[in-house]
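Okay, target.cif is below, mmCIF, C-alpha atoms and all ligand atoms:
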data_work
loop_
_atom_site.label_atom_id
_atom_site.label_comp_id
_atom_site.auth_asym_id
_atom_site.auth_seq_id
_atom_site.Cartn_x
_atom_site.Cartn_y
_atom_site.Cartn_z
CA MET A 1 -32.03 97.71 120.18
CA LEU A 2 -33.91 95.83 117.48
CA THR A 3 -32.13 95.42 114.16
CA ALA A 4 -33.90 96.30 110.92
CA ASP A 5 -34.31 92.60 110.22
CA GLU A 6 -35.83 91.93 113.64
CA LYS A 7 -38.31 94.79 113.13
CA ARG A 8 -39.25 93.25 109.80
CA LEU A 9 -39.83 89.86 111.45
CA ILE A 10 -42.03 91.44 114.12
CA ARG A 11 -44.14 93.35 111.57
CA LEU A 12 -44.55 90.25 109.39
CA SER A 13 -45.48 87.86 112.17
CA TRP A 14 -47.76 90.40 113.88
CA ASN A 15 -50.31 89.76 111.09
CA LYS A 16 -50.80 86.31 112.57
CA VAL A 17 -51.49 87.59 116.08
CA GLN A 18 -55.16 87.29 117.06
CA GLN A 19 -56.92 89.40 119.64
CA ASP A 20 -57.51 86.39 121.88
CA PHE A 21 -53.78 85.72 122.28
CA GLY A 22 -53.90 88.37 125.00
CA ALA A 23 -56.44 86.48 127.10
CA GLU A 24 -54.46 83.28 126.62
CA ALA A 25 -51.29 84.98 127.82
CA LEU A 26 -53.09 86.46 130.84
CA GLU A 27 -54.62 83.09 131.76
CA ARG A 28 -51.20 81.50 131.59
CA MET A 29 -49.72 84.27 133.70
CA PHE A 30 -52.40 83.92 136.39
CA THR A 31 -51.93 80.12 136.46
CA VAL A 32 -48.15 79.92 136.32
CA TYR A 33 -47.43 83.05 138.41
CA PRO A 34 -50.48 83.33 140.71
CA GLN A 35 -48.93 86.27 142.57
CA THR A 36 -49.83 88.40 139.51
CA LYS A 37 -53.51 87.97 140.37
CA THR A 38 -53.11 90.43 143.23
CA TYR A 39 -53.26 93.32 140.76
CA PHE A 40 -56.69 92.22 139.56
CA PRO A 41 -58.83 91.85 142.70
CA HIS A 42 -61.73 93.46 140.82
CA PHE A 43 -61.62 90.93 137.97
CA ASP A 44 -63.37 87.61 137.62
CA LEU A 45 -60.34 85.38 136.96
CA CYS A 46 -62.21 82.14 136.21
CA PRO A 47 -61.63 80.41 132.85
CA ASP A 48 -63.46 82.18 129.99
CA SER A 49 -63.89 85.29 132.10
CA LYS A 50 -65.19 88.31 130.18
CA HIS A 51 -62.81 90.50 132.18
CA ILE A 52 -59.77 88.52 131.02
CA CYS A 53 -61.03 88.37 127.47
CA CYS A 54 -61.61 92.13 127.31
CA HIS A 55 -58.36 92.97 129.07
CA GLY A 56 -56.44 90.62 126.77
CA MET A 57 -57.77 92.50 123.76
CA LYS A 58 -56.56 95.78 125.26
CA VAL A 59 -53.11 94.33 125.84
CA VAL A 60 -52.90 93.05 122.25
CA ALA A 61 -54.11 96.43 120.95
CA ALA A 62 -51.37 98.20 122.93
CA LEU A 63 -48.75 95.80 121.60
CA GLY A 64 -50.12 96.40 118.10
CA ASP A 65 -49.62 100.13 118.65
CA ALA A 66 -46.05 99.44 119.67
CA VAL A 67 -45.54 97.35 116.51
CA ARG A 68 -46.87 100.19 114.35
CA HIS A 69 -44.55 102.63 116.12
CA ILE A 70 -41.66 100.26 116.57
CA ASP A 71 -39.13 103.08 116.09
CA ASN A 72 -40.71 105.16 118.83
CA ILE A 73 -42.33 102.82 121.33
CA SER A 74 -41.61 105.23 124.15
CA GLU A 75 -43.86 107.91 122.70
CA ALA A 76 -46.52 105.47 121.48
CA LEU A 77 -46.95 103.93 124.95
CA SER A 78 -46.24 107.02 127.03
CA ALA A 79 -49.76 107.25 128.53
CA LEU A 80 -49.71 103.54 129.32
CA GLY A 81 -46.36 104.03 131.06
CA ASN A 82 -47.88 106.73 133.26
CA LEU A 83 -50.84 104.52 134.07
CA HIS A 84 -48.73 101.51 135.09
CA ALA A 85 -46.24 103.55 137.08
CA HIS A 86 -48.41 106.14 138.80
CA ASN A 87 -51.87 104.61 139.05
CA LEU A 88 -51.50 100.83 138.89
CA ARG A 89 -48.00 100.67 140.45
CA VAL A 90 -47.30 97.29 138.89
CA ASP A 91 -43.93 96.02 140.09
CA PRO A 92 -41.83 95.89 136.89
CA VAL A 93 -40.75 92.28 137.60
CA ASN A 94 -44.24 91.32 136.49
CA PHE A 95 -43.71 92.61 132.96
CA LYS A 96 -41.18 89.85 132.35
CA LEU A 97 -43.75 87.28 133.46
CA LEU A 98 -46.45 88.49 131.08
CA CYS A 99 -43.94 88.83 128.24
CA HIS A 100 -42.76 85.28 128.80
CA CYS A 101 -46.34 84.00 128.75
CA PHE A 102 -47.07 85.96 125.58
CA GLN A 103 -44.09 84.33 123.89
CA VAL A 104 -45.29 80.88 124.90
CA VAL A 105 -48.67 81.70 123.32
CA LEU A 106 -46.90 82.85 120.17
CA ALA A 107 -44.89 79.63 120.09
CA VAL A 108 -48.04 77.53 120.44
CA HIS A 109 -49.89 79.34 117.64
CA LEU A 110 -47.12 80.22 115.22
CA ALA A 111 -45.51 76.78 115.64
CA ASP A 112 -42.82 76.36 112.97
CA GLU A 113 -42.98 80.05 112.13
CA PHE A 114 -41.82 80.89 115.64
CA THR A 115 -38.23 80.32 114.63
CA PRO A 116 -35.34 81.14 116.97
CA GLN A 117 -34.92 84.40 115.02
CA VAL A 118 -38.58 85.37 115.51
CA HIS A 119 -38.27 84.34 119.16
CA LEU A 120 -35.24 86.60 119.61
CA ALA A 121 -37.03 89.48 117.87
CA TYR A 122 -40.05 89.17 120.20
CA ASP A 123 -37.86 88.82 123.24
CA LYS A 124 -36.21 92.14 122.37
CA PHE A 125 -39.45 93.83 121.31
CA LEU A 126 -41.30 92.85 124.49
CA ALA A 127 -38.33 93.89 126.61
CA ALA A 128 -38.49 97.29 124.89
CA VAL A 129 -42.24 97.55 125.62
CA SER A 130 -41.63 96.57 129.27
CA ALA A 131 -38.86 99.14 129.60
CA VAL A 132 -41.26 101.84 128.38
CA LEU A 133 -43.97 100.73 130.82
CA ALA A 134 -41.40 100.84 133.66
CA GLU A 135 -39.56 104.03 132.70
CA LYS A 136 -41.94 106.40 134.51
CA TYR A 137 -41.37 104.79 137.91
CA ARG A 138 -38.81 107.40 138.95
NI1 LIG B 1 -51.34 96.27 132.07
C1 LIG B 1 -54.33 97.96 132.32
C2 LIG B 1 -51.25 96.96 128.68
C3 LIG B 1 -48.47 94.44 131.74
C4 LIG B 1 -51.70 95.15 135.30
N1 LIG B 1 -52.56 97.28 130.77
C5 LIG B 1 -53.75 97.90 131.07
C6 LIG B 1 -54.32 98.44 129.85
C7 LIG B 1 -53.46 98.14 128.83
C8 LIG B 1 -52.34 97.41 129.41
C9 LIG B 1 -53.62 98.51 127.35
C10 LIG B 1 -55.64 99.19 129.75
C11 LIG B 1 -55.38 100.65 129.90
C12 LIG B 1 -56.64 101.49 129.84
O1 LIG B 1 -57.73 100.96 130.08
O2 LIG B 1 -56.51 102.67 129.53
N2 LIG B 1 -50.09 95.82 130.52
C13 LIG B 1 -50.20 96.23 129.21
C14 LIG B 1 -49.06 95.75 128.46
C15 LIG B 1 -48.28 95.04 129.33
C16 LIG B 1 -48.94 95.08 130.62
C17 LIG B 1 -48.84 96.03 126.99
C18 LIG B 1 -46.97 94.34 129.14
C19 LIG B 1 -46.59 93.78 128.05
N3 LIG B 1 -50.26 95.08 133.30
C20 LIG B 1 -49.14 94.36 132.97
C21 LIG B 1 -48.74 93.52 134.06
C22 LIG B 1 -49.65 93.71 135.07
C23 LIG B 1 -50.61 94.69 134.59
C24 LIG B 1 -47.53 92.60 134.04
C25 LIG B 1 -49.73 93.08 136.42
C26 LIG B 1 -49.30 91.86 136.70
N4 LIG B 1 -52.73 96.54 133.56
C27 LIG B 1 -52.70 95.98 134.81
C28 LIG B 1 -53.88 96.36 135.55
C29 LIG B 1 -54.65 97.17 134.68
C30 LIG B 1 -53.90 97.26 133.44
C31 LIG B 1 -54.21 95.98 136.98
C32 LIG B 1 -56.02 97.82 134.97
C33 LIG B 1 -57.07 96.81 134.60
C34 LIG B 1 -58.48 97.35 134.75
O3 LIG B 1 -59.20 97.39 133.74
O4 LIG B 1 -58.86 97.71 135.86
#
If you convert what's in this file into structure tokens, what do you get?
Amino acid sequence: MLTADEKRLIRLSWNKVQQDFGAEALERMFTVYPQTKTYFPHFDLCPDSKHICCHGMKVVAALGDAVRHIDNISEALSALGNLHAHNLRVDPVNFKLLCHCFQVVLAVHLADEFTPQVHLAYDKFLAAVSAVLAEKYR
């Protein structure tokens, strides 16, 4: 459960998030946790791949939706939850991996602004997003 202050920190810092943070997070995930590549056999996973770039933008857009509906992430990402559970069947352990990589990207770009408080807020926010993406599995 995010506190009011943590929600405020997420909304404020989200203004600094660029579309290409998504591709950076995906590239990190594919490098650090290569097993995640198995879900993307149809993608070109080379550096600067258009597939990764485009997919990264979709991921950031979905997270942006969740930020805008931070009090009702479950409803905002309901269709995405269905997709990941029923069609893509992504093992939920992988959500933690992408969330971790996204936080590393935030730390790199936000630098001093990625304070321990902002870090905590993102950790909770991304866990909430992951829970929504995993909640349709059964
Ligand atoms: Ni995920 C498609 C968002 C985690 C594998 N994913 C999407 C789309 C969005 C999205 C948005 C595009 C939907 C559409 O086109 O309608 N994914 C998210 C978010 C997270 C996440 C917000 C977690 C924070 N997805 C993951 C993880 C994996 C994953 C951890 C696997 C390791 N996602 C996929 C795959 C697709 C996908 C595979 C389909 C890609 C394609 O275009 O074929």
Task: Contacts of segment 79-85 of chain A within 8 Å, all atoms listed in the file, excl. fewer than 5 positions in-chain, as a ChimeraX atom specification - done: /A:90,132-137
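With all atoms listed in the file as the atoms that count, the minimum distance from Gly56 of chain A to the choices A:Leu2, A:Leu26, A:Val118, A:Val108 is reached by A:Leu26.
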- [ ] For atom CA of Val93 of chain A and atom CA of Met29 of chain A, determine how far apart the two atoms are, in Å to one decimal place.
- [x]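 Computing it gives 12.6 Å between the two atoms.
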Task: Nearest-residue call for His69 of chain A, choices A:Phe40, A:Glu27, A:Phe125, A:Thr3, using all atoms listed in the file - done: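 Of all the options, A:Phe125 lies closest to His69 of chain A.
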Within-7 Å residues of ligand LIG 1 (chain B), basis all atoms listed in the file, as a short mmCIF file (atom, residue, chain, number, x, y, z; two decimals) with C-alpha atoms, keeping the file's coordinate frame:
data_model
loop_
_atom_site.label_atom_id
_atom_site.label_comp_id
_atom_site.auth_asym_id
_atom_site.auth_seq_id
_atom_site.Cartn_x
_atom_site.Cartn_y
_atom_site.Cartn_z
CA THR A 36 -49.83 88.40 139.51
CA LYS A 37 -53.51 87.97 140.37
CA TYR A 39 -53.26 93.32 140.76
CA PHE A 40 -56.69 92.22 139.56
CA HIS A 55 -58.36 92.97 129.07
CA LYS A 58 -56.56 95.78 125.26
CA VAL A 59 -53.11 94.33 125.84
CA VAL A 60 -52.90 93.05 122.25
CA ALA A 61 -54.11 96.43 120.95
CA ALA A 62 -51.37 98.20 122.93
CA LEU A 63 -48.75 95.80 121.60
CA LEU A 80 -49.71 103.54 129.32
CA HIS A 84 -48.73 101.51 135.09
CA LEU A 88 -51.50 100.83 138.89
CA VAL A 90 -47.30 97.29 138.89
CA ASN A 94 -44.24 91.32 136.49
CA PHE A 95 -43.71 92.61 132.96
CA LEU A 97 -43.75 87.28 133.46
CA LEU A 98 -46.45 88.49 131.08
CA CYS A 99 -43.94 88.83 128.24
CA LEU A 126 -41.30 92.85 124.49
CA VAL A 129 -42.24 97.55 125.62
CA SER A 130 -41.63 96.57 129.27
#
Task: Selection: 12 Å around His119 of chain A, all atoms listed in the file, excl. self and same-chain fewer than 2 positions, as a ChimeraX atom specification - done: /A:6,9-10,13,99-100,102-108,110-117,121-126
TODO: Using only C-alpha atoms, find the one residue out of A:Ala25, A:Ile70, A:Leu45, A:Lys7 that sits nearest to His109 of chain A.
DONE: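 Using only C-alpha atoms, His109 of chain A sits closest to A:Ala25.
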When you get a chance, write out N, CA and C atoms for segment 92-106 of chain A, as a compact mmCIF listing (two decimals), keeping the file's coordinate frame.
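Result file follows (out-v1.txt):
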# COMPACT_ATOMS: atom_id res chain seq x y z
N PRO A 92 -42.33 96.22 138.23
CA PRO A 92 -41.83 95.89 136.89
C PRO A 92 -41.40 94.42 136.71
N VAL A 93 -41.11 93.70 137.79
CA VAL A 93 -40.75 92.28 137.60
C VAL A 93 -41.89 91.52 136.89
N ASN A 94 -43.09 92.02 137.08
CA ASN A 94 -44.24 91.32 136.49
C ASN A 94 -44.30 91.44 134.96
N PHE A 95 -43.69 92.47 134.42
CA PHE A 95 -43.71 92.61 132.96
C PHE A 95 -43.02 91.43 132.30
N LYS A 96 -41.91 91.01 132.89
CA LYS A 96 -41.18 89.85 132.35
C LYS A 96 -42.07 88.61 132.32
N LEU A 97 -42.90 88.48 133.35
CA LEU A 97 -43.75 87.28 133.46
C LEU A 97 -44.80 87.27 132.35
N LEU A 98 -45.44 88.43 132.14
CA LEU A 98 -46.45 88.49 131.08
C LEU A 98 -45.79 88.32 129.71
N CYS A 99 -44.63 88.94 129.54
CA CYS A 99 -43.94 88.83 128.24
C CYS A 99 -43.57 87.38 127.96
N HIS A 100 -43.11 86.69 129.00
CA HIS A 100 -42.76 85.28 128.80
C HIS A 100 -44.00 84.49 128.38
N CYS A 101 -45.12 84.73 129.08
CA CYS A 101 -46.34 84.00 128.75
C CYS A 101 -46.81 84.32 127.33
N PHE A 102 -46.67 85.58 126.94
CA PHE A 102 -47.07 85.96 125.58
C PHE A 102 -46.22 85.21 124.54
N GLN A 103 -44.95 85.05 124.84
CA GLN A 103 -44.09 84.33 123.89
C GLN A 103 -44.45 82.85 123.81
N VAL A 104 -44.86 82.29 124.93
CA VAL A 104 -45.29 80.88 124.90
C VAL A 104 -46.54 80.76 124.02
N VAL A 105 -47.46 81.72 124.15
CA VAL A 105 -48.67 81.70 123.32
C VAL A 105 -48.29 81.84 121.85
N LEU A 106 -47.36 82.70 121.56
CA LEU A 106 -46.90 82.85 120.17
C LEU A 106 -46.32 81.53 119.66
